[in-house]
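Undergrad: Provided herewith: coords26.pdb, PDB, C-alpha atoms.
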```
MODEL        1
ATOM      1  CA  MET A   1     -74.632 -16.097 -50.173
ATOM      2  CA  THR A   2     -72.314 -13.124 -49.757
ATOM      3  CA  LEU A   3     -69.252 -12.815 -47.530
ATOM      4  CA  SER A   4     -71.125 -10.465 -45.159
ATOM      5  CA  ASP A   5     -73.929 -13.050 -44.892
ATOM      6  CA  LEU A   6     -71.298 -15.662 -44.065
ATOM      7  CA  LYS A   7     -69.769 -13.501 -41.304
ATOM      8  CA  LEU A   8     -73.149 -12.727 -39.754
ATOM      9  CA  LEU A   9     -74.333 -16.296 -39.845
ATOM     10  CA  LEU A  10     -71.029 -17.665 -38.563
ATOM     11  CA  SER A  11     -71.366 -15.630 -35.379
ATOM     12  CA  ARG A  12     -74.581 -17.566 -34.784
ATOM     13  CA  LYS A  13     -72.891 -20.853 -35.730
ATOM     14  CA  LYS A  14     -74.697 -20.821 -39.065
ATOM     15  CA  LEU A  15     -72.877 -20.483 -42.382
ATOM     16  CA  SER A  16     -76.084 -20.598 -44.399
ATOM     17  CA  LYS A  17     -79.601 -21.947 -44.112
ATOM     18  CA  ASN A  18     -78.405 -25.551 -44.163
ATOM     19  CA  THR A  19     -74.807 -25.126 -42.989
ATOM     20  CA  CYS A  20     -73.444 -24.953 -39.435
ATOM     21  CA  ALA A  21     -69.916 -24.437 -38.141
ATOM     22  CA  TYR A  22     -69.109 -25.136 -34.517
ATOM     23  CA  LYS A  23     -66.496 -23.116 -32.658
ATOM     24  CA  PRO A  24     -63.568 -22.953 -32.777
ATOM     25  CA  PHE A  25     -63.792 -22.479 -36.520
ATOM     26  CA  SER A  26     -61.805 -20.291 -38.897
ATOM     27  CA  TYR A  27     -62.668 -19.376 -42.465
ATOM     28  CA  SER A  28     -61.532 -17.318 -45.405
ATOM     29  CA  VAL A  29     -64.159 -17.181 -48.138
ATOM     30  CA  ASP A  30     -63.818 -14.904 -51.146
ATOM     31  CA  LYS A  31     -66.922 -12.826 -51.866
ATOM     32  CA  SER A  32     -67.214 -14.461 -55.318
ATOM     33  CA  ALA A  33     -67.175 -18.013 -53.889
ATOM     34  CA  LEU A  34     -70.346 -20.116 -53.943
ATOM     35  CA  ILE A  35     -71.567 -22.423 -51.171
ATOM     36  CA  ASP A  36     -74.601 -24.389 -52.364
ATOM     37  CA  VAL A  37     -76.069 -26.860 -49.864
ATOM     38  CA  LYS A  38     -79.089 -28.892 -50.923
ATOM     39  CA  GLY A  39     -79.093 -31.121 -47.822
ATOM     40  CA  SER A  40     -77.093 -30.159 -44.728
ATOM     41  CA  LEU A  41     -73.413 -29.448 -44.145
ATOM     42  CA  ASP A  42     -71.796 -29.293 -40.702
ATOM     43  CA  PHE A  43     -68.235 -28.237 -39.906
ATOM     44  CA  ASN A  44     -66.139 -28.942 -36.808
ATOM     45  CA  ILE A  45     -68.508 -31.322 -35.011
ATOM     46  CA  SER A  46     -67.013 -32.517 -31.699
ATOM     47  CA  GLN A  47     -65.925 -36.141 -31.598
ATOM     48  CA  THR A  48     -67.261 -36.587 -28.054
ATOM     49  CA  ALA A  49     -70.862 -35.698 -27.278
ATOM     50  CA  GLY A  50     -71.226 -33.153 -24.502
ATOM     51  CA  LEU A  51     -67.575 -32.046 -24.506
ATOM     52  CA  LYS A  52     -66.500 -28.634 -25.726
ATOM     53  CA  ASN A  53     -64.615 -28.774 -28.992
ATOM     54  CA  LYS A  54     -61.004 -27.571 -28.608
ATOM     55  CA  THR A  55     -59.704 -28.273 -32.120
ATOM     56  CA  CYS A  56     -60.198 -25.621 -34.782
ATOM     57  CA  GLY A  57     -61.732 -26.468 -38.154
ATOM     58  CA  TYR A  58     -60.887 -24.491 -41.292
ATOM     59  CA  LEU A  59     -62.624 -23.562 -44.522
ATOM     60  CA  THR A  60     -60.801 -21.631 -47.249
ATOM     61  CA  MET A  61     -62.426 -20.701 -50.561
ATOM     62  CA  GLY A  62     -60.733 -18.713 -53.329
ATOM     63  CA  LYS A  63     -62.135 -16.517 -56.091
ATOM     64  CA  ASN A  64     -64.968 -18.106 -58.081
ATOM     65  CA  SER A  65     -64.622 -21.369 -56.156
ATOM     66  CA  LYS A  66     -67.611 -23.658 -55.537
ATOM     67  CA  LEU A  67     -68.539 -25.938 -52.663
ATOM     68  CA  ILE A  68     -71.639 -27.949 -53.538
ATOM     69  CA  CYS A  69     -73.229 -30.375 -51.081
ATOM     70  CA  ASP A  70     -75.991 -32.523 -52.573
ATOM     71  CA  GLY A  71     -76.768 -34.538 -49.415
ATOM     72  CA  ASN A  72     -76.072 -34.462 -45.672
ATOM     73  CA  PHE A  73     -72.357 -34.291 -44.843
ATOM     74  CA  VAL A  74     -70.396 -33.751 -41.606
ATOM     75  CA  PHE A  75     -66.800 -32.615 -41.120
ATOM     76  CA  SER A  76     -65.568 -33.551 -37.628
ATOM     77  CA  SER A  77     -63.340 -31.355 -35.466
ATOM     78  CA  GLY A  78     -60.014 -30.264 -36.874
ATOM     79  CA  CYS A  79     -60.849 -30.880 -40.538
ATOM     80  CA  ARG A  80     -59.388 -28.506 -43.100
ATOM     81  CA  VAL A  81     -61.183 -27.856 -46.373
ATOM     82  CA  GLY A  82     -59.574 -25.713 -49.055
ATOM     83  CA  VAL A  83     -61.194 -24.911 -52.401
ATOM     84  CA  LEU A  84     -58.854 -22.750 -54.433
ATOM     85  CA  GLU A  85     -59.565 -20.177 -57.137
ATOM     86  CA  ASN A  86     -61.942 -21.486 -59.846
ATOM     87  CA  ALA A  87     -61.998 -24.968 -58.258
ATOM     88  CA  LYS A  88     -65.092 -27.045 -57.481
ATOM     89  CA  LEU A  89     -65.609 -29.441 -54.568
ATOM     90  CA  ARG A  90     -68.820 -31.465 -54.856
ATOM     91  CA  ILE A  91     -69.847 -33.757 -51.999
ATOM     92  CA  GLY A  92     -72.797 -36.065 -51.456
ATOM     93  CA  SER A  93     -73.588 -37.663 -48.092
ATOM     94  CA  GLY A  94     -71.445 -39.132 -45.328
ATOM     95  CA  TYR A  95     -68.796 -37.815 -42.989
ATOM     96  CA  CYS A  96     -65.154 -36.857 -42.702
ATOM     97  CA  ASN A  97     -63.539 -37.793 -39.393
ATOM     98  CA  TYR A  98     -61.164 -35.866 -37.105
ATOM     99  CA  ASP A  99     -58.224 -33.915 -38.529
ATOM    100  CA  SER A 100     -58.693 -34.887 -42.180
ATOM    101  CA  LYS A 101     -57.835 -32.541 -45.025
ATOM    102  CA  ILE A 102     -59.347 -31.935 -48.445
ATOM    103  CA  TYR A 103     -57.476 -29.587 -50.789
ATOM    104  CA  CYS A 104     -59.235 -28.900 -54.086
ATOM    105  CA  PHE A 105     -57.187 -27.074 -56.716
ATOM    106  CA  ASP A 106     -59.354 -28.048 -59.698
ATOM    107  CA  SER A 107     -62.088 -30.665 -59.153
ATOM    108  CA  ILE A 108     -62.930 -33.176 -56.417
ATOM    109  CA  GLU A 109     -66.177 -35.161 -56.311
ATOM    110  CA  ILE A 110     -67.211 -37.260 -53.324
ATOM    111  CA  GLY A 111     -70.273 -39.497 -53.691
ATOM    112  CA  ASN A 112     -72.979 -40.600 -51.269
ATOM    113  CA  ASP A 113     -72.619 -42.781 -48.168
ATOM    114  CA  VAL A 114     -68.876 -42.065 -47.943
ATOM    115  CA  ILE A 115     -66.898 -42.562 -44.732
ATOM    116  CA  ILE A 116     -63.578 -40.741 -44.464
ATOM    117  CA  SER A 117     -61.580 -41.769 -41.372
ATOM    118  CA  GLU A 118     -59.144 -39.746 -39.227
ATOM    119  CA  ASN A 119     -56.095 -38.012 -40.684
ATOM    120  CA  VAL A 120     -57.004 -38.678 -44.325
ATOM    121  CA  ILE A 121     -55.641 -36.384 -47.037
ATOM    122  CA  ILE A 122     -57.472 -35.918 -50.332
ATOM    123  CA  ARG A 123     -55.921 -33.614 -52.913
ATOM    124  CA  ASP A 124     -56.100 -33.168 -56.651
ATOM    125  CA  SER A 125     -52.734 -31.440 -57.063
ATOM    126  CA  ASP A 126     -49.038 -31.946 -56.350
ATOM    127  CA  ASN A 127     -48.620 -28.146 -56.102
ATOM    128  CA  HIS A 128     -45.676 -28.525 -58.455
ATOM    129  CA  LYS A 129     -45.159 -30.151 -61.813
ATOM    130  CA  ILE A 130     -44.140 -33.787 -61.907
ATOM    131  CA  GLY A 131     -44.692 -35.212 -65.364
ATOM    132  CA  ASP A 132     -47.400 -33.678 -67.525
ATOM    133  CA  LYS A 133     -49.879 -32.299 -65.012
ATOM    134  CA  ILE A 134     -49.890 -30.341 -61.782
ATOM    135  CA  SER A 135     -53.571 -31.106 -61.061
ATOM    136  CA  ALA A 136     -56.012 -33.812 -62.148
ATOM    137  CA  PRO A 137     -59.589 -34.422 -60.948
ATOM    138  CA  VAL A 138     -60.351 -36.813 -58.089
ATOM    139  CA  LYS A 139     -63.613 -38.757 -58.047
ATOM    140  CA  ILE A 140     -64.727 -40.867 -55.085
ATOM    141  CA  GLY A 141     -67.761 -43.038 -55.778
ATOM    142  CA  ASN A 142     -70.704 -44.019 -53.583
ATOM    143  CA  HIS A 143     -70.438 -46.178 -50.443
ATOM    144  CA  VAL A 144     -66.653 -45.810 -50.148
ATOM    145  CA  TRP A 145     -64.737 -46.239 -46.881
ATOM    146  CA  ILE A 146     -61.369 -44.489 -46.647
ATOM    147  CA  GLY A 147     -59.256 -45.778 -43.731
ATOM    148  CA  MET A 148     -57.252 -43.795 -41.196
ATOM    149  CA  GLY A 149     -54.226 -41.929 -42.531
ATOM    150  CA  ALA A 150     -54.865 -42.782 -46.184
ATOM    151  CA  MET A 151     -53.867 -40.379 -48.938
ATOM    152  CA  ILE A 152     -55.900 -39.951 -52.144
ATOM    153  CA  LEU A 153     -53.805 -38.159 -54.752
ATOM    154  CA  LYS A 154     -54.467 -36.374 -58.045
ATOM    155  CA  GLY A 155     -56.155 -38.066 -60.986
ATOM    156  CA  VAL A 156     -57.642 -40.941 -58.974
ATOM    157  CA  THR A 157     -61.125 -42.418 -59.406
ATOM    158  CA  ILE A 158     -62.346 -44.714 -56.620
ATOM    159  CA  GLY A 159     -65.143 -47.053 -57.661
ATOM    160  CA  ASP A 160     -68.407 -47.556 -55.767
ATOM    161  CA  GLY A 161     -68.299 -49.836 -52.722
ATOM    162  CA  SER A 162     -64.513 -49.794 -52.346
ATOM    163  CA  VAL A 163     -62.430 -49.775 -49.152
ATOM    164  CA  ILE A 164     -59.116 -47.935 -48.860
ATOM    165  CA  ALA A 165     -56.968 -49.500 -46.090
ATOM    166  CA  ALA A 166     -55.439 -47.409 -43.305
ATOM    167  CA  GLY A 167     -52.214 -45.726 -44.399
ATOM    168  CA  ALA A 168     -52.699 -46.486 -48.101
ATOM    169  CA  VAL A 169     -51.382 -44.040 -50.675
ATOM    170  CA  VAL A 170     -53.729 -44.142 -53.666
ATOM    171  CA  THR A 171     -52.084 -43.023 -56.897
ATOM    172  CA  ASP A 172     -54.082 -45.115 -59.427
ATOM    173  CA  ASP A 173     -57.768 -45.792 -60.052
ATOM    174  CA  VAL A 174     -59.522 -48.252 -57.731
ATOM    175  CA  PRO A 175     -62.064 -50.666 -59.285
ATOM    176  CA  GLU A 176     -65.555 -50.962 -57.798
ATOM    177  CA  LYS A 177     -65.926 -53.110 -54.657
ATOM    178  CA  SER A 178     -62.165 -53.451 -54.165
ATOM    179  CA  LEU A 179     -60.053 -53.406 -51.009
ATOM    180  CA  VAL A 180     -56.765 -51.631 -51.669
ATOM    181  CA  GLY A 181     -53.788 -51.065 -49.400
ATOM    182  CA  GLY A 182     -50.087 -50.301 -49.351
ATOM    183  CA  VAL A 183     -47.735 -47.655 -50.679
ATOM    184  CA  PRO A 184     -48.555 -47.270 -53.486
ATOM    185  CA  ALA A 185     -51.968 -48.892 -52.995
ATOM    186  CA  ARG A 186     -52.699 -52.150 -54.830
ATOM    187  CA  VAL A 187     -55.821 -54.336 -54.953
ATOM    188  CA  ILE A 188     -55.770 -56.791 -52.038
ATOM    189  CA  LYS A 189     -59.252 -58.224 -52.480
ATOM    190  CA  SER A 190     -62.029 -57.901 -55.066
ATOM    191  CA  ASP A 191     -65.809 -58.083 -54.715
ATOM    192  CA  VAL A 192     -65.854 -56.746 -51.129
ATOM    193  CA  ASP A 193     -69.124 -55.906 -49.386
ATOM    194  CA  TRP A 194     -68.644 -53.693 -46.348
ATOM    195  CA  GLN A 195     -71.182 -52.362 -43.845
ATOM    196  CA  VAL A 196     -71.083 -50.134 -40.779
TER     197      VAL A 196
ENDMDL
END
```
Once you've parsed the file, please lay out its structure as structure tokens.

TA:
Amino acid sequence: MTLSDLKLLLSRKKLSKNTCAYKPFSYSVDKSALIDVKGSLDFNISQTAGLKNKTCGYLTMGKNSKLICDGNFVFSSGCRVGVLENAKLRIGSGYCNYDSKIYCFDSIEIGNDVIISENVIIRDSDNHKIGDKISAPVKIGNHVWIGMGAMILKGVTIGDGSVIAAGAVVTDDVPEKSLVGGVPARVIKSDVDWQV
């Protein structure tokens, strides 16, 4: 998909064959960026059915960046997604709730059946050097629930079936089927089994 294709399709609320963006929506996509959607990808979906969306969603993609969606994924109104130069964001299935932000400087992977609550921040970089690395990949497994206002920071792997409590700041890996919370997040309970 080229940048001109993106502009044309956006005016019709379509970013590509399987991708929709609902107004108000703003984007900046470099002509060398790749959007590859195998399922469906929706941006800026209104939180309330039947009401006009008033909060703008954003998509920014730098040179040679990649956004790959392997399943069906929805970004609610006000979400900001940034994939910087040469970075790759790969997502499976699930949704990202109102006003959440994903900033990919290098590599972020989000699995299938993932629920990301309101005001969550996921980023794989500090934007400045603290210690050895500025950026480190983030990997979120399958069937993960990330609570409201949580922050997932660089170098973190979250195991399948885990729950991240509201307001948690995750700076270390999370084992499978664990409930973590706090600042910094620590394991509160193991062998959790959550359902919607």

Undergrad: Tell me which of A:Leu89, A:Val37, A:Leu84, A:Val144 sits closest to Asn127 (chain A), counting all atoms listed in the file.

TA: A:Leu84

Undergrad: Near Trp145 (chain A), within 10 Å and counting only C-alpha atoms, which residues show up once chain neighbours fewer than 2 positions away are dropped, as a list in words?

TA: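 These residues fall inside the cut-off: Gly94, Asp113, Val114, Ile115, Ile116, Ser117, Ile140, Gly141, Asn142, His143, Gly147, Met148, Asp160, Gly161, Ser162, Val163, Ile164, Ala165, Leu179, Trp194, Gln195 and Val196 of chain A.
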
Undergrad: Translate the PyMOL selection byres ((chain A and resi 55-58) around 12), as applied to the file shown, into an explicit residue set as a PyMOL selection string.

TA: chain A and resi 20-29+42-48+51-54+59-61+74-83+96-103

Undergrad: Find, counting only C-alpha atoms, the residue in A:Arg123, A:Lys88, A:Lys154, A:Lys133 that gets nearest to Asp173 (chain A).

TA: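 Counting only C-alpha atoms, the residue closest to Asp173 (chain A) is A:Lys154.
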
Undergrad: Measure the distance from CA of Ser40 (chain A) to CA of Ile121 (chain A) in Å and round it to one decimal.

TA: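 Spanning CA of Ser40 (chain A) to CA of Ile121 (chain A) is a straight-line distance of 22.5 Å.
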
Undergrad: When you look at Ile152 (chain A) with a cut-off of 12 Å (counting all atoms listed in the file), what residues show up, excluding the ones that are within fewer than 3 positions of it in the same chain? I need them as a PyMOL selection string.

TA: chain A and resi 100-104+108+110+116+119-126+136-140+146-149+155-158+164-174+180-181+183-185

Undergrad: I need the output of the PyMOL selection byres ((chain A and resi 86) around 10) for this file as number ranges by chain; which residues are they?

TA: A: 32-33, 61-66, 83-85, 87-88, 104-107

Undergrad: What does the structure give for the distance between CA of Gly182 (chain A) and CA of Ile91 (chain A), in Å to one decimal?

TA: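 Result for CA of Gly182 (chain A) versus CA of Ile91 (chain A): 25.9 Å, one decimal.
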
Undergrad: Between CA of Arg90 (chain A) and CA of Glu109 (chain A), what is the distance in Å, rounded to a tenth?

TA: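 CA of Glu109 (chain A) lies at a distance of 4.8 Å from CA of Arg90 (chain A).
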
Undergrad: Only N, CA and C atoms, please: region 133-152 of chain A from the block, as an mmCIF file, in the first residue's frame.

TA:
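Printed below is selection-v7.cif as written:
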```
data_model
loop_
_atom_site.group_PDB
_atom_site.id
_atom_site.type_symbol
_atom_site.label_atom_id
_atom_site.label_comp_id
_atom_site.auth_asym_id
_atom_site.auth_seq_id
_atom_site.Cartn_x
_atom_site.Cartn_y
_atom_site.Cartn_z
ATOM 1 N N LYS A 133 20.861 0.128 27.544
ATOM 2 C CA LYS A 133 20.042 0.183 26.339
ATOM 3 C C LYS A 133 19.019 1.309 26.382
ATOM 4 N N ILE A 134 18.781 1.893 25.203
ATOM 5 C CA ILE A 134 17.712 2.866 25.058
ATOM 6 C C ILE A 134 16.405 2.134 24.789
ATOM 7 N N SER A 135 16.453 1.113 23.923
ATOM 8 C CA SER A 135 15.264 0.342 23.543
ATOM 9 C C SER A 135 15.509 -1.148 23.768
ATOM 10 N N ALA A 136 14.428 -1.866 24.047
ATOM 11 C CA ALA A 136 14.473 -3.327 24.154
ATOM 12 C C ALA A 136 13.083 -3.848 23.822
ATOM 13 N N PRO A 137 12.992 -4.953 23.085
ATOM 14 C CA PRO A 137 11.694 -5.457 22.619
ATOM 15 C C PRO A 137 10.707 -5.745 23.747
ATOM 16 N N VAL A 138 9.428 -5.538 23.437
ATOM 17 C CA VAL A 138 8.322 -5.868 24.333
ATOM 18 C C VAL A 138 7.522 -6.984 23.677
ATOM 19 N N LYS A 139 7.190 -8.010 24.465
ATOM 20 C CA LYS A 139 6.370 -9.102 23.948
ATOM 21 C C LYS A 139 5.237 -9.376 24.934
ATOM 22 N N ILE A 140 4.010 -9.279 24.440
ATOM 23 C CA ILE A 140 2.818 -9.541 25.235
ATOM 24 C C ILE A 140 2.190 -10.812 24.683
ATOM 25 N N GLY A 141 2.036 -11.815 25.533
ATOM 26 C CA GLY A 141 1.548 -13.115 25.101
ATOM 27 C C GLY A 141 0.075 -13.141 24.765
ATOM 28 N N ASN A 142 -0.477 -14.335 24.651
ATOM 29 C CA ASN A 142 -1.892 -14.532 24.330
ATOM 30 C C ASN A 142 -2.749 -14.460 25.594
ATOM 31 N N HIS A 143 -3.995 -14.039 25.425
ATOM 32 C CA HIS A 143 -4.993 -13.988 26.494
ATOM 33 C C HIS A 143 -4.458 -13.215 27.707
ATOM 34 N N VAL A 144 -3.996 -11.996 27.435
ATOM 35 C CA VAL A 144 -3.470 -11.110 28.479
ATOM 36 C C VAL A 144 -4.444 -9.954 28.663
ATOM 37 N N TRP A 145 -4.666 -9.574 29.915
ATOM 38 C CA TRP A 145 -5.533 -8.443 30.256
ATOM 39 C C TRP A 145 -4.666 -7.395 30.930
ATOM 40 N N ILE A 146 -4.601 -6.206 30.332
ATOM 41 C CA ILE A 146 -3.817 -5.108 30.884
ATOM 42 C C ILE A 146 -4.793 -4.064 31.429
ATOM 43 N N GLY A 147 -4.742 -3.840 32.751
ATOM 44 C CA GLY A 147 -5.693 -2.960 33.432
ATOM 45 C C GLY A 147 -5.466 -1.484 33.161
ATOM 46 N N MET A 148 -6.481 -0.699 33.508
ATOM 47 C CA MET A 148 -6.517 0.737 33.269
ATOM 48 C C MET A 148 -5.288 1.458 33.842
ATOM 49 N N GLY A 149 -4.683 2.291 33.024
ATOM 50 C CA GLY A 149 -3.573 3.128 33.459
ATOM 51 C C GLY A 149 -2.258 2.405 33.676
ATOM 52 N N ALA A 150 -2.164 1.156 33.273
ATOM 53 C CA ALA A 150 -0.907 0.412 33.433
ATOM 54 C C ALA A 150 0.128 0.902 32.425
ATOM 55 N N MET A 151 1.387 0.704 32.765
ATOM 56 C CA MET A 151 2.482 1.039 31.861
ATOM 57 C C MET A 151 3.334 -0.208 31.651
ATOM 58 N N ILE A 152 3.579 -0.557 30.386
ATOM 59 C CA ILE A 152 4.441 -1.676 30.021
ATOM 60 C C ILE A 152 5.684 -1.052 29.398
#
```
